[in-house]
Amino acid sequence: MHHLNIEPLIDIMKKTIVWIGLFCLLQWSLHARRTLRVGVGEVCSPVSLSAPRTYIDALLEAGHLPVLIPATDNTHLLKEYVQKIDILLLPGGEDVDPAYYNTPPSPYLGEVNGRRDTFEMALLREAVVQRKPIVGICRGLQIINVYFGGTLYQDLQSEIGATGHKCPKSLSHSTHTIHIDKNSRLYQLLGTDTLGVNSNHHQAIKNIAPKLRAVAHTPDGVIEAIEGIAYPVAAVQFHPERLIRGDVPKLKILFSQLNKWAKNKK
Ligand code: MN
C-alpha cells in the first residue's frame, strides 16, 4: 500500500496558523491605537466648518479619532453624530450668553456667539441623553457648568478683582498656580496637588452646578477644574492642549486618558 507522508503538510499548516495569528495581532494593535472617537463641536464661524487646530492635534497625538461635528438644528442628525462618538469635547471660545443663567449682560461681557450657544446646549443635551462622557476646556468648562444649572462671573476683574487670568500671548507657559483637590480624578491622573497652568479667560464659574464639583482653584479663589459627581464629565479652565508642547508636557495624560478623566470610578 502506498504510504502518504503528511508530515510536511502539517508543518505548513502549523506555520500558516502562526502567521494568521500574528496578522490578527497586528490588526488588533493597529485598531487599538485609535482608542476613542472624540466628537469636537465646531466653533460656528460664519465662513467655515472649524475647530481650533491645537485641540485636534492633541487628540490625534493621543491616538484618538477626532470627529468634527457641524452645528445643526436637525435633532436627528445631532442624535446620529452623538451615537457615533465615544466622548464629547467642547473647546474654548466666546462668552456664554448670560441669558442662559438668567442674568442681565454686564458692560464687561465679551463677544457672544448665539449660534454656538444654541448648538452646544443641544449637543450637551443629546450627549447627556445618550450618557456619553463629556470633557470641556475653557469656554467648554463654562458652558458645561451653565448647562448643568450653574452661573458664571461675566468678568473676573470687574466682579471680584481677580487679575492675571487673561494672558493670551503666553499660552505655552504657565502663568499662575492651581491647587488640585487630592480627592479628584485630576489629581489621580497628574499625581500632583500643585500645578502651574496657562490662562486666557476673563470669565469663570461663580456658582457651581449642583451635579458638579470644583476640584482645582487658584490662590485667589477662581475655579480652574470641575468634575461630575454622578455624570461622567470633567473640564478645566486652562488650556492643556497648548501647554503639552510648552511648559507642562505631563498634561498629555489628560488627552491619552480622556475617558478616565471624564468618568466616575463607579
Ligand atoms: Mn486662570
# chains A, B, ... in the order shown; residues from 1 in each chain; ligands from 1
call {"tool": "closest_atom_pairs", "arguments": {"of": "chain A", "to": "ligand 1", "cutoff": "10 Å", "atoms": "only C-alpha atoms and all ligand atoms", "output": "JSON lines"}}
result
{"residue": "A:Cys138", "atom": "CA", "partner": "ligand 1", "partner_atom_place_in_ligand_line": "1 (Mn)", "distance": 9.0}
{"residue": "A:Leu156", "atom": "CA", "partner": "ligand 1", "partner_atom_place_in_ligand_line": "1 (Mn)", "distance": 9.9}
{"residue": "A:Ala162", "atom": "CA", "partner": "ligand 1", "partner_atom_place_in_ligand_line": "1 (Mn)", "distance": 9.5}
{"residue": "A:Thr163", "atom": "CA", "partner": "ligand 1", "partner_atom_place_in_ligand_line": "1 (Mn)", "distance": 9.1}
{"residue": "A:Gly164", "atom": "CA", "partner": "ligand 1", "partner_atom_place_in_ligand_line": "1 (Mn)", "distance": 7.3}
{"residue": "A:His165", "atom": "CA", "partner": "ligand 1", "partner_atom_place_in_ligand_line": "1 (Mn)", "distance": 4.3}
{"residue": "A:Lys166", "atom": "CA", "partner": "ligand 1", "partner_atom_place_in_ligand_line": "1 (Mn)", "distance": 7.3}
{"residue": "A:Cys167", "atom": "CA", "partner": "ligand 1", "partner_atom_place_in_ligand_line": "1 (Mn)", "distance": 8.8}
{"residue": "A:Ser174", "atom": "CA", "partner": "ligand 1", "partner_atom_place_in_ligand_line": "1 (Mn)", "distance": 9.8}
{"residue": "A:Thr175", "atom": "CA", "partner": "ligand 1", "partner_atom_place_in_ligand_line": "1 (Mn)", "distance": 8.3}
{"residue": "A:His176", "atom": "CA", "partner": "ligand 1", "partner_atom_place_in_ligand_line": "1 (Mn)", "distance": 6.9}
{"residue": "A:Thr177", "atom": "CA", "partner": "ligand 1", "partner_atom_place_in_ligand_line": "1 (Mn)", "distance": 8.5}
{"residue": "A:Ile178", "atom": "CA", "partner": "ligand 1", "partner_atom_place_in_ligand_line": "1 (Mn)", "distance": 8.3}
{"residue": "A:Val197", "atom": "CA", "partner": "ligand 1", "partner_atom_place_in_ligand_line": "1 (Mn)", "distance": 7.5}
{"residue": "A:Asn198", "atom": "CA", "partner": "ligand 1", "partner_atom_place_in_ligand_line": "1 (Mn)", "distance": 6.7}
{"residue": "A:Ser199", "atom": "CA", "partner": "ligand 1", "partner_atom_place_in_ligand_line": "1 (Mn)", "distance": 4.2}
{"residue": "A:Asn200", "atom": "CA", "partner": "ligand 1", "partner_atom_place_in_ligand_line": "1 (Mn)", "distance": 6.5}
{"residue": "A:His201", "atom": "CA", "partner": "ligand 1", "partner_atom_place_in_ligand_line": "1 (Mn)", "distance": 6.3}
{"residue": "A:His202", "atom": "CA", "partner": "ligand 1", "partner_atom_place_in_ligand_line": "1 (Mn)", "distance": 8.3}
{"residue": "A:Gln203", "atom": "CA", "partner": "ligand 1", "partner_atom_place_in_ligand_line": "1 (Mn)", "distance": 9.1}
{"residue": "A:Ala204", "atom": "CA", "partner": "ligand 1", "partner_atom_place_in_ligand_line": "1 (Mn)", "distance": 8.2}
{"residue": "A:His217", "atom": "CA", "partner": "ligand 1", "partner_atom_place_in_ligand_line": "1 (Mn)", "distance": 8.9}
{"residue": "A:Thr218", "atom": "CA", "partner": "ligand 1", "partner_atom_place_in_ligand_line": "1 (Mn)", "distance": 7.3}
{"residue": "A:Asp220", "atom": "CA", "partner": "ligand 1", "partner_atom_place_in_ligand_line": "1 (Mn)", "distance": 10.0}
{"residue": "A:Val222", "atom": "CA", "partner": "ligand 1", "partner_atom_place_in_ligand_line": "1 (Mn)", "distance": 7.2}
{"residue": "A:Ile223", "atom": "CA", "partner": "ligand 1", "partner_atom_place_in_ligand_line": "1 (Mn)", "distance": 8.1}
{"residue": "A:Glu224", "atom": "CA", "partner": "ligand 1", "partner_atom_place_in_ligand_line": "1 (Mn)", "distance": 6.3}
{"residue": "A:Ala225", "atom": "CA", "partner": "ligand 1", "partner_atom_place_in_ligand_line": "1 (Mn)", "distance": 9.9}
{"residue": "A:Val236", "atom": "CA", "partner": "ligand 1", "partner_atom_place_in_ligand_line": "1 (Mn)", "distance": 9.4}
{"residue": "A:Gln237", "atom": "CA", "partner": "ligand 1", "partner_atom_place_in_ligand_line": "1 (Mn)", "distance": 6.2}
{"residue": "A:Phe238", "atom": "CA", "partner": "ligand 1", "partner_atom_place_in_ligand_line": "1 (Mn)", "distance": 5.9}
{"residue": "A:His239", "atom": "CA", "partner": "ligand 1", "partner_atom_place_in_ligand_line": "1 (Mn)", "distance": 9.2}
call {"tool": "select_by_dssp", "arguments": {"residues": "segment 15-180 of chain A", "states": "strand (DSSP E or B)", "output": "PyMOL selection string"}}
result
chain A and resi 37-41+65-69+87-90+95+112+134-137+152-153+166+176-180
call {"tool": "closest_residue", "arguments": {"among": "A:Glu241, A:Glu227, A:Asp95, A:Glu7", "to": "Trp261 of chain A", "atoms": "only C-alpha atoms"}}
result
A:Glu227
call {"tool": "closest_residue", "arguments": {"among": "A:Gly196, A:Gly191, A:Pro66, A:Gly228", "to": "Asn145 of chain A", "atoms": "only C-alpha atoms"}}
result
A:Gly228
call {"tool": "select_by_dssp", "arguments": {"residues": "segment 141-197 of chain A", "states": "alpha helix (DSSP H)", "output": "NGL selection string"}}
result
:A and (141-147 or 156-160 or 185-190)
call {"tool": "write_last_selection", "arguments": {"atoms": "N, CA and C atoms", "output": "mmCIF file, in the first residue's frame"}}
result
data_model
loop_
_atom_site.group_PDB
_atom_site.id
_atom_site.type_symbol
_atom_site.label_atom_id
_atom_site.label_comp_id
_atom_site.auth_asym_id
_atom_site.auth_seq_id
_atom_site.Cartn_x
_atom_site.Cartn_y
_atom_site.Cartn_z
ATOM 1 N N LEU A 141 -15.669 74.395 29.766
ATOM 2 C CA LEU A 141 -15.959 74.265 31.210
ATOM 3 C C LEU A 141 -17.136 75.154 31.592
ATOM 4 N N GLN A 142 -17.121 76.389 31.063
ATOM 5 C CA GLN A 142 -18.152 77.360 31.453
ATOM 6 C C GLN A 142 -19.539 76.940 30.973
ATOM 7 N N ILE A 143 -19.627 76.495 29.712
ATOM 8 C CA ILE A 143 -20.960 76.141 29.190
ATOM 9 C C ILE A 143 -21.469 74.844 29.826
ATOM 10 N N ILE A 144 -20.546 73.950 30.194
ATOM 11 C CA ILE A 144 -20.942 72.720 30.902
ATOM 12 C C ILE A 144 -21.568 73.092 32.246
ATOM 13 N N ASN A 145 -20.921 74.026 32.962
ATOM 14 C CA ASN A 145 -21.460 74.466 34.253
ATOM 15 C C ASN A 145 -22.838 75.113 34.077
ATOM 16 N N VAL A 146 -22.974 75.948 33.048
ATOM 17 C CA VAL A 146 -24.256 76.604 32.799
ATOM 18 C C VAL A 146 -25.315 75.567 32.407
ATOM 19 N N TYR A 147 -24.924 74.626 31.547
ATOM 20 C CA TYR A 147 -25.869 73.582 31.122
ATOM 21 C C TYR A 147 -26.433 72.830 32.334
ATOM 22 N N LEU A 156 -14.100 88.652 35.471
ATOM 23 C CA LEU A 156 -13.420 88.421 36.756
ATOM 24 C C LEU A 156 -12.897 89.697 37.392
ATOM 25 N N GLN A 157 -12.264 90.529 36.563
ATOM 26 C CA GLN A 157 -11.618 91.716 37.117
ATOM 27 C C GLN A 157 -12.640 92.684 37.725
ATOM 28 N N SER A 158 -13.724 92.984 36.966
ATOM 29 C CA SER A 158 -14.690 93.964 37.466
ATOM 30 C C SER A 158 -15.562 93.390 38.585
ATOM 31 N N GLU A 159 -15.763 92.055 38.605
ATOM 32 C CA GLU A 159 -16.676 91.496 39.608
ATOM 33 C C GLU A 159 -15.983 91.062 40.895
ATOM 34 N N ILE A 160 -14.793 90.459 40.805
ATOM 35 C CA ILE A 160 -14.133 90.042 42.047
ATOM 36 C C ILE A 160 -12.680 90.529 42.131
ATOM 37 N N ARG A 185 -10.196 63.056 40.185
ATOM 38 C CA ARG A 185 -9.590 62.255 39.106
ATOM 39 C C ARG A 185 -8.411 63.027 38.513
ATOM 40 N N LEU A 186 -8.512 64.362 38.528
ATOM 41 C CA LEU A 186 -7.424 65.186 38.006
ATOM 42 C C LEU A 186 -6.139 64.907 38.806
ATOM 43 N N TYR A 187 -6.276 64.816 40.131
ATOM 44 C CA TYR A 187 -5.130 64.514 40.983
ATOM 45 C C TYR A 187 -4.616 63.089 40.711
ATOM 46 N N GLN A 188 -5.539 62.152 40.588
ATOM 47 C CA GLN A 188 -5.140 60.759 40.307
ATOM 48 C C GLN A 188 -4.329 60.666 39.024
ATOM 49 N N LEU A 189 -4.755 61.417 38.004
ATOM 50 C CA LEU A 189 -4.076 61.345 36.704
ATOM 51 C C LEU A 189 -2.743 62.072 36.726
ATOM 52 N N LEU A 190 -2.702 63.241 37.383
ATOM 53 C CA LEU A 190 -1.486 64.068 37.318
ATOM 54 C C LEU A 190 -0.514 63.788 38.456
#
